[in-house]
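**Student:** Enclosed is the structure file target-v7.txt (compact mmCIF, N, CA and C atoms).
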# COMPACT_ATOMS: atom_id res chain seq x y z
N MET A 1 -16.84 9.36 -12.16
CA MET A 1 -15.43 9.22 -11.87
C MET A 1 -14.65 9.25 -13.18
N ARG A 2 -13.57 10.00 -13.17
CA ARG A 2 -12.85 10.27 -14.40
C ARG A 2 -11.87 9.15 -14.81
N TYR A 3 -11.19 8.55 -13.87
CA TYR A 3 -10.11 7.61 -14.20
C TYR A 3 -10.33 6.28 -13.49
N GLN A 4 -11.46 5.66 -13.76
CA GLN A 4 -11.86 4.46 -13.03
C GLN A 4 -10.86 3.32 -13.13
N ASN A 5 -10.31 3.08 -14.30
CA ASN A 5 -9.32 2.00 -14.45
C ASN A 5 -8.09 2.28 -13.60
N GLY A 6 -7.65 3.52 -13.60
CA GLY A 6 -6.50 3.89 -12.78
C GLY A 6 -6.79 3.72 -11.30
N TYR A 7 -7.98 4.10 -10.88
CA TYR A 7 -8.36 3.95 -9.48
C TYR A 7 -8.40 2.48 -9.08
N ALA A 8 -8.87 1.63 -9.98
CA ALA A 8 -8.91 0.20 -9.69
C ALA A 8 -7.49 -0.35 -9.50
N TRP A 9 -6.56 0.08 -10.36
CA TRP A 9 -5.16 -0.36 -10.20
C TRP A 9 -4.56 0.15 -8.90
N LEU A 10 -4.84 1.40 -8.58
CA LEU A 10 -4.33 1.97 -7.33
C LEU A 10 -4.88 1.21 -6.13
N LEU A 11 -6.15 0.89 -6.16
CA LEU A 11 -6.77 0.15 -5.07
C LEU A 11 -6.17 -1.25 -4.95
N LEU A 12 -5.98 -1.93 -6.08
CA LEU A 12 -5.38 -3.26 -6.07
C LEU A 12 -3.97 -3.23 -5.49
N LEU A 13 -3.15 -2.30 -5.97
CA LEU A 13 -1.77 -2.21 -5.47
C LEU A 13 -1.73 -1.82 -4.00
N SER A 14 -2.62 -0.96 -3.57
CA SER A 14 -2.65 -0.55 -2.17
C SER A 14 -3.07 -1.70 -1.27
N ALA A 15 -4.04 -2.48 -1.70
CA ALA A 15 -4.46 -3.66 -0.93
C ALA A 15 -3.32 -4.67 -0.86
N ALA A 16 -2.64 -4.88 -1.97
CA ALA A 16 -1.50 -5.80 -1.98
C ALA A 16 -0.41 -5.31 -1.04
N ASP A 17 -0.17 -4.00 -1.04
CA ASP A 17 0.85 -3.43 -0.15
C ASP A 17 0.53 -3.72 1.31
N VAL A 18 -0.71 -3.51 1.72
CA VAL A 18 -1.08 -3.78 3.11
C VAL A 18 -0.91 -5.26 3.43
N MET A 19 -1.40 -6.12 2.55
CA MET A 19 -1.29 -7.56 2.80
C MET A 19 0.15 -8.03 2.83
N PHE A 20 0.95 -7.58 1.87
CA PHE A 20 2.34 -8.00 1.81
C PHE A 20 3.12 -7.46 3.01
N THR A 21 2.87 -6.22 3.38
CA THR A 21 3.55 -5.63 4.54
C THR A 21 3.22 -6.43 5.79
N TRP A 22 1.95 -6.74 5.97
CA TRP A 22 1.55 -7.49 7.16
C TRP A 22 2.19 -8.87 7.16
N HIS A 23 2.28 -9.50 6.02
CA HIS A 23 2.91 -10.82 5.89
C HIS A 23 4.38 -10.73 6.31
N ILE A 24 5.06 -9.71 5.84
CA ILE A 24 6.49 -9.53 6.17
C ILE A 24 6.65 -9.20 7.66
N LEU A 25 5.81 -8.34 8.20
CA LEU A 25 5.91 -7.99 9.62
C LEU A 25 5.69 -9.20 10.51
N ARG A 26 4.78 -10.07 10.14
CA ARG A 26 4.52 -11.28 10.93
C ARG A 26 5.70 -12.24 10.92
N ARG A 27 6.59 -12.06 9.97
CA ARG A 27 7.76 -12.92 9.87
C ARG A 27 9.04 -12.22 10.35
N GLY A 28 8.85 -11.15 11.11
CA GLY A 28 9.99 -10.50 11.72
C GLY A 28 10.55 -9.31 10.95
N GLY A 29 9.94 -8.93 9.85
CA GLY A 29 10.40 -7.76 9.10
C GLY A 29 10.01 -6.48 9.81
N GLU A 30 10.41 -5.37 9.25
CA GLU A 30 10.05 -4.09 9.85
C GLU A 30 9.56 -3.11 8.80
N GLU A 31 8.72 -2.21 9.22
CA GLU A 31 8.19 -1.16 8.34
C GLU A 31 9.24 -0.07 8.22
N LEU A 32 9.57 0.31 6.99
CA LEU A 32 10.59 1.33 6.77
C LEU A 32 10.03 2.74 6.76
N ASN A 33 8.77 2.90 6.40
CA ASN A 33 8.14 4.22 6.38
C ASN A 33 7.83 4.63 7.82
N PRO A 34 8.45 5.73 8.31
CA PRO A 34 8.24 6.09 9.72
C PRO A 34 6.80 6.44 10.07
N VAL A 35 6.07 7.04 9.15
CA VAL A 35 4.67 7.38 9.42
C VAL A 35 3.84 6.09 9.50
N ALA A 36 4.03 5.20 8.54
CA ALA A 36 3.30 3.93 8.56
C ALA A 36 3.69 3.11 9.79
N ARG A 37 4.96 3.15 10.18
CA ARG A 37 5.40 2.42 11.38
C ARG A 37 4.67 2.94 12.62
N LEU A 38 4.55 4.26 12.73
CA LEU A 38 3.84 4.85 13.86
C LEU A 38 2.38 4.42 13.87
N VAL A 39 1.75 4.42 12.71
CA VAL A 39 0.35 4.00 12.61
C VAL A 39 0.20 2.54 13.01
N ILE A 40 1.08 1.68 12.51
CA ILE A 40 1.02 0.25 12.82
C ILE A 40 1.29 0.01 14.29
N ASP A 41 2.29 0.69 14.85
CA ASP A 41 2.60 0.51 16.27
C ASP A 41 1.45 0.97 17.16
N THR A 42 0.73 1.99 16.72
CA THR A 42 -0.35 2.55 17.53
C THR A 42 -1.67 1.81 17.34
N TRP A 43 -2.03 1.50 16.08
CA TRP A 43 -3.35 0.95 15.80
C TRP A 43 -3.34 -0.42 15.14
N ASP A 44 -2.17 -1.03 14.98
CA ASP A 44 -2.06 -2.39 14.44
C ASP A 44 -2.63 -2.48 13.02
N LEU A 45 -3.11 -3.64 12.64
CA LEU A 45 -3.59 -3.86 11.27
C LEU A 45 -4.77 -2.96 10.90
N PRO A 46 -5.78 -2.78 11.75
CA PRO A 46 -6.87 -1.88 11.36
C PRO A 46 -6.37 -0.46 11.06
N GLY A 47 -5.40 0.01 11.79
CA GLY A 47 -4.83 1.33 11.54
C GLY A 47 -4.10 1.38 10.21
N ALA A 48 -3.36 0.31 9.91
CA ALA A 48 -2.64 0.25 8.63
C ALA A 48 -3.61 0.29 7.46
N ILE A 49 -4.69 -0.44 7.58
CA ILE A 49 -5.70 -0.46 6.52
C ILE A 49 -6.34 0.91 6.37
N ALA A 50 -6.74 1.50 7.48
CA ALA A 50 -7.37 2.82 7.43
C ALA A 50 -6.42 3.87 6.87
N PHE A 51 -5.17 3.83 7.28
CA PHE A 51 -4.16 4.78 6.79
C PHE A 51 -3.97 4.65 5.28
N LYS A 52 -3.79 3.43 4.82
CA LYS A 52 -3.55 3.20 3.39
C LYS A 52 -4.75 3.67 2.57
N PHE A 53 -5.95 3.34 3.00
CA PHE A 53 -7.10 3.68 2.19
C PHE A 53 -7.53 5.14 2.35
N ALA A 54 -7.10 5.80 3.41
CA ALA A 54 -7.26 7.25 3.50
C ALA A 54 -6.36 7.91 2.45
N LEU A 55 -5.16 7.39 2.28
CA LEU A 55 -4.27 7.90 1.24
C LEU A 55 -4.85 7.68 -0.15
N VAL A 56 -5.42 6.50 -0.38
CA VAL A 56 -6.04 6.20 -1.67
C VAL A 56 -7.20 7.17 -1.92
N LEU A 57 -8.02 7.39 -0.93
CA LEU A 57 -9.14 8.32 -1.08
C LEU A 57 -8.64 9.73 -1.38
N PHE A 58 -7.59 10.16 -0.71
CA PHE A 58 -7.00 11.47 -0.97
C PHE A 58 -6.54 11.58 -2.42
N VAL A 59 -5.88 10.54 -2.94
CA VAL A 59 -5.40 10.56 -4.33
C VAL A 59 -6.58 10.61 -5.29
N ILE A 60 -7.61 9.82 -5.04
CA ILE A 60 -8.77 9.81 -5.94
C ILE A 60 -9.45 11.17 -5.96
N VAL A 61 -9.67 11.75 -4.81
CA VAL A 61 -10.30 13.07 -4.75
C VAL A 61 -9.42 14.10 -5.45
N SER A 62 -8.12 14.03 -5.22
CA SER A 62 -7.19 14.96 -5.88
C SER A 62 -7.24 14.81 -7.39
N CYS A 63 -7.25 13.58 -7.87
CA CYS A 63 -7.33 13.34 -9.32
C CYS A 63 -8.62 13.89 -9.90
N GLU A 64 -9.72 13.71 -9.19
CA GLU A 64 -11.00 14.22 -9.67
C GLU A 64 -10.99 15.74 -9.75
N ILE A 65 -10.47 16.38 -8.72
CA ILE A 65 -10.43 17.85 -8.70
C ILE A 65 -9.50 18.37 -9.80
N VAL A 66 -8.30 17.82 -9.87
CA VAL A 66 -7.33 18.27 -10.88
C VAL A 66 -7.84 17.95 -12.28
N GLY A 67 -8.38 16.74 -12.45
CA GLY A 67 -8.82 16.30 -13.77
C GLY A 67 -9.97 17.11 -14.34
N ARG A 68 -10.78 17.69 -13.50
CA ARG A 68 -11.89 18.53 -13.99
C ARG A 68 -11.38 19.81 -14.65
N LYS A 69 -10.26 20.31 -14.15
CA LYS A 69 -9.67 21.54 -14.70
C LYS A 69 -8.69 21.23 -15.84
N ARG A 70 -7.88 20.18 -15.62
CA ARG A 70 -6.83 19.82 -16.59
C ARG A 70 -6.75 18.30 -16.68
N ASP A 71 -7.42 17.74 -17.66
CA ASP A 71 -7.49 16.29 -17.80
C ASP A 71 -6.11 15.65 -17.89
N ARG A 72 -5.22 16.26 -18.63
CA ARG A 72 -3.88 15.69 -18.80
C ARG A 72 -3.15 15.59 -17.45
N TRP A 73 -3.28 16.60 -16.62
CA TRP A 73 -2.65 16.57 -15.31
C TRP A 73 -3.28 15.51 -14.41
N GLY A 74 -4.60 15.37 -14.50
CA GLY A 74 -5.28 14.34 -13.72
C GLY A 74 -4.82 12.95 -14.11
N ARG A 75 -4.68 12.72 -15.42
CA ARG A 75 -4.17 11.42 -15.89
C ARG A 75 -2.73 11.20 -15.42
N GLY A 76 -1.95 12.27 -15.46
CA GLY A 76 -0.57 12.16 -14.98
C GLY A 76 -0.49 11.88 -13.49
N LEU A 77 -1.39 12.48 -12.74
CA LEU A 77 -1.42 12.28 -11.29
C LEU A 77 -1.77 10.84 -10.95
N ILE A 78 -2.79 10.27 -11.59
CA ILE A 78 -3.14 8.89 -11.26
C ILE A 78 -2.05 7.93 -11.75
N ALA A 79 -1.44 8.23 -12.89
CA ALA A 79 -0.35 7.37 -13.37
C ALA A 79 0.83 7.41 -12.40
N THR A 80 1.13 8.59 -11.89
CA THR A 80 2.21 8.72 -10.92
C THR A 80 1.88 7.97 -9.64
N ALA A 81 0.65 8.10 -9.18
CA ALA A 81 0.23 7.41 -7.96
C ALA A 81 0.32 5.90 -8.13
N ILE A 82 -0.05 5.39 -9.29
CA ILE A 82 0.05 3.95 -9.55
C ILE A 82 1.51 3.52 -9.53
N GLY A 83 2.37 4.31 -10.15
CA GLY A 83 3.80 4.00 -10.15
C GLY A 83 4.37 3.97 -8.75
N ILE A 84 4.00 4.95 -7.94
CA ILE A 84 4.49 4.99 -6.56
C ILE A 84 3.95 3.81 -5.76
N ALA A 85 2.69 3.48 -5.95
CA ALA A 85 2.08 2.36 -5.22
C ALA A 85 2.69 1.02 -5.63
N ALA A 86 3.20 0.94 -6.84
CA ALA A 86 3.79 -0.32 -7.32
C ALA A 86 5.15 -0.60 -6.69
N VAL A 87 5.85 0.44 -6.25
CA VAL A 87 7.22 0.26 -5.72
C VAL A 87 7.25 -0.65 -4.49
N PRO A 88 6.47 -0.38 -3.41
CA PRO A 88 6.54 -1.28 -2.26
C PRO A 88 6.02 -2.68 -2.55
N VAL A 89 5.09 -2.79 -3.48
CA VAL A 89 4.60 -4.12 -3.85
C VAL A 89 5.71 -4.91 -4.54
N ALA A 90 6.40 -4.27 -5.48
CA ALA A 90 7.52 -4.92 -6.16
C ALA A 90 8.63 -5.28 -5.18
N TRP A 91 8.93 -4.36 -4.26
CA TRP A 91 9.98 -4.63 -3.27
C TRP A 91 9.57 -5.81 -2.37
N SER A 92 8.31 -5.87 -1.97
CA SER A 92 7.84 -6.99 -1.16
C SER A 92 8.00 -8.31 -1.91
N LEU A 93 7.70 -8.31 -3.19
CA LEU A 93 7.87 -9.53 -3.98
C LEU A 93 9.33 -9.95 -4.05
N VAL A 94 10.23 -8.97 -4.15
CA VAL A 94 11.66 -9.28 -4.11
C VAL A 94 12.03 -9.90 -2.77
N LEU A 95 11.52 -9.33 -1.68
CA LEU A 95 11.80 -9.89 -0.36
C LEU A 95 11.25 -11.30 -0.22
N PHE A 96 10.04 -11.52 -0.71
CA PHE A 96 9.46 -12.86 -0.66
C PHE A 96 10.36 -13.85 -1.39
N TRP A 97 10.83 -13.46 -2.55
CA TRP A 97 11.65 -14.34 -3.37
C TRP A 97 13.01 -14.61 -2.73
N THR A 98 13.68 -13.55 -2.30
CA THR A 98 15.05 -13.71 -1.80
C THR A 98 15.13 -14.29 -0.40
N HIS A 99 14.08 -14.12 0.40
CA HIS A 99 14.12 -14.61 1.78
C HIS A 99 13.19 -15.78 2.03
N GLY A 100 12.57 -16.29 0.99
CA GLY A 100 11.69 -17.44 1.15
C GLY A 100 10.52 -17.18 2.08
N LEU A 101 10.00 -15.95 2.06
CA LEU A 101 8.94 -15.60 3.01
C LEU A 101 7.59 -16.21 2.67
N LEU A 102 7.45 -16.78 1.50
CA LEU A 102 6.17 -17.40 1.16
C LEU A 102 6.10 -18.85 1.58
N THR A 103 7.26 -19.47 1.80
CA THR A 103 7.26 -20.90 2.10
C THR A 103 7.50 -21.21 3.57
N ARG A 104 8.16 -20.32 4.31
CA ARG A 104 8.39 -20.56 5.73
C ARG A 104 7.11 -20.38 6.51
N PRO A 105 6.88 -21.22 7.52
CA PRO A 105 5.67 -21.03 8.34
C PRO A 105 5.77 -19.77 9.18
N VAL A 106 4.63 -19.22 9.50
CA VAL A 106 4.56 -18.04 10.36
C VAL A 106 4.90 -18.48 11.78
N PRO A 107 5.82 -17.76 12.48
CA PRO A 107 6.12 -18.11 13.86
C PRO A 107 4.89 -17.94 14.75
N VAL A 108 4.72 -18.86 15.67
CA VAL A 108 3.60 -18.80 16.59
C VAL A 108 3.96 -17.85 17.72
N ASN A 109 3.08 -16.93 18.01
CA ASN A 109 3.30 -15.98 19.10
C ASN A 109 3.09 -16.71 20.42
N SER A 110 4.11 -16.71 21.27
CA SER A 110 4.01 -17.44 22.54
C SER A 110 3.67 -16.53 23.70
N ASP A 111 3.28 -15.29 23.43
CA ASP A 111 2.90 -14.38 24.52
C ASP A 111 1.64 -14.89 25.18
N PRO A 112 1.58 -14.79 26.54
CA PRO A 112 0.37 -15.29 27.23
C PRO A 112 -0.82 -14.42 27.01
Can I see the file as structure tokens?
**Tutor:**
Amino acid sequence: MRYQNGYAWLLLLSAADVMFTWHILRRGGEELNPVARLVIDTWDLPGAIAFKFALVLFVIVSCEIVGRKRDRWGRGLIATAIGIAAVPVAWSLVLFWTHGLLTRPVPVNSDP
């Protein structure tokens, strides 16, 4: 593997994104990405996890293919992917901070 450190960061940020998104959704938030919303509405949390990590796998394979031909482009691709993956994580942290989502209890689902 060519960019192992980058892949580790991408994996960490992607896992955080899934966890933070699920935390926000459980507290009444909504998914803004229409594709992710469709996946979550159809397959719930397992679908969200599979979707996110299919994207991660796609990025890793793409970086490996590109990096074998042009190392600089491969490094740029993984750096870009890390930057993009950091955006929803940072936004979730802002939401946690501004809306107190880390301290309020999770509402209990009263559906039978």
**Student:** List every residue of range 24-109 of chain A that has an atom at most 7 Å from any atom of range 7-14 of chain A, giving for each one its closest atom pair and the distance in Å to one decimal, counting only N, CA and C atoms, sorted by chain and then by ascending residue number, as a tab-separated table.
**Tutor:**
residue	atom	partner	partner_atom	distance
A:Lys52	C	A:Ser14	CA	6.7
A:Val56	CA	A:Leu10	C	6.8
A:Ile60	CA	A:Tyr7	CA	6.9
A:Ile78	CA	A:Tyr7	N	6.8
A:Ala81	C	A:Leu10	CA	6.1
A:Ile82	CA	A:Leu10	CA	5.3
A:Ala85	C	A:Leu13	C	5.5
A:Ala86	N	A:Leu13	CA	6.0
A:Val89	CA	A:Leu13	C	6.7
**Student:** Taking all atoms of range 33-41 of chain A that the file lists, what box with edges along x, y and z, padded by 4 Å per side, do you get, with centre and edge lengths in Å to one decimal, as AutoDock Vina command-line options?
**Tutor:**
--center_x 4.5 --center_y 3.7 --center_z 11.8 --size_x 16.6 --size_y 15.4 --size_z 18.8
**Student:** From the list A:Cys63, A:Gly28, A:Thr21, A:Phe53, which residue is nearest Thr80 in chain A when using only C-alpha atoms?
**Tutor:**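 Nearest to Thr80 in chain A: A:Cys63.
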**Student:** So, counting only C-alpha atoms, which residue among A:Asp41, A:Leu25, A:Asp71, A:Met1 is closest to Leu95 in chain A?
**Tutor:**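 With only C-alpha atoms as the atom set, the closest residue is A:Leu25.
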**Student:** Using CA of Phe20 in chain A and CA of Val59 in chain A as the two end points, give the distance in Å to one decimal.
**Tutor:**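 That distance, rounded to one decimal, is 21.0 Å.
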**Student:** One number please: atom N of Gly6 in chain A to atom C of Ala79 in chain A, in Å, one decimal.
**Tutor:**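 Taking atom N of Gly6 in chain A as the start and atom C of Ala79 in chain A as the end point, the length is 9.4 Å.
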**Student:** Please return, as a PyMOL selection string, all residues of chain A that DSSP assigns to alpha helix (DSSP H) on the basis of the backbone.
**Tutor:** chain A and resi 4-26+34-69+71-99
**Student:** Give me, please, the distance in Å between CA of Ile49 in chain A and CA of Gly29 in chain A, quoted to one decimal.
**Tutor:** 17.9 Å
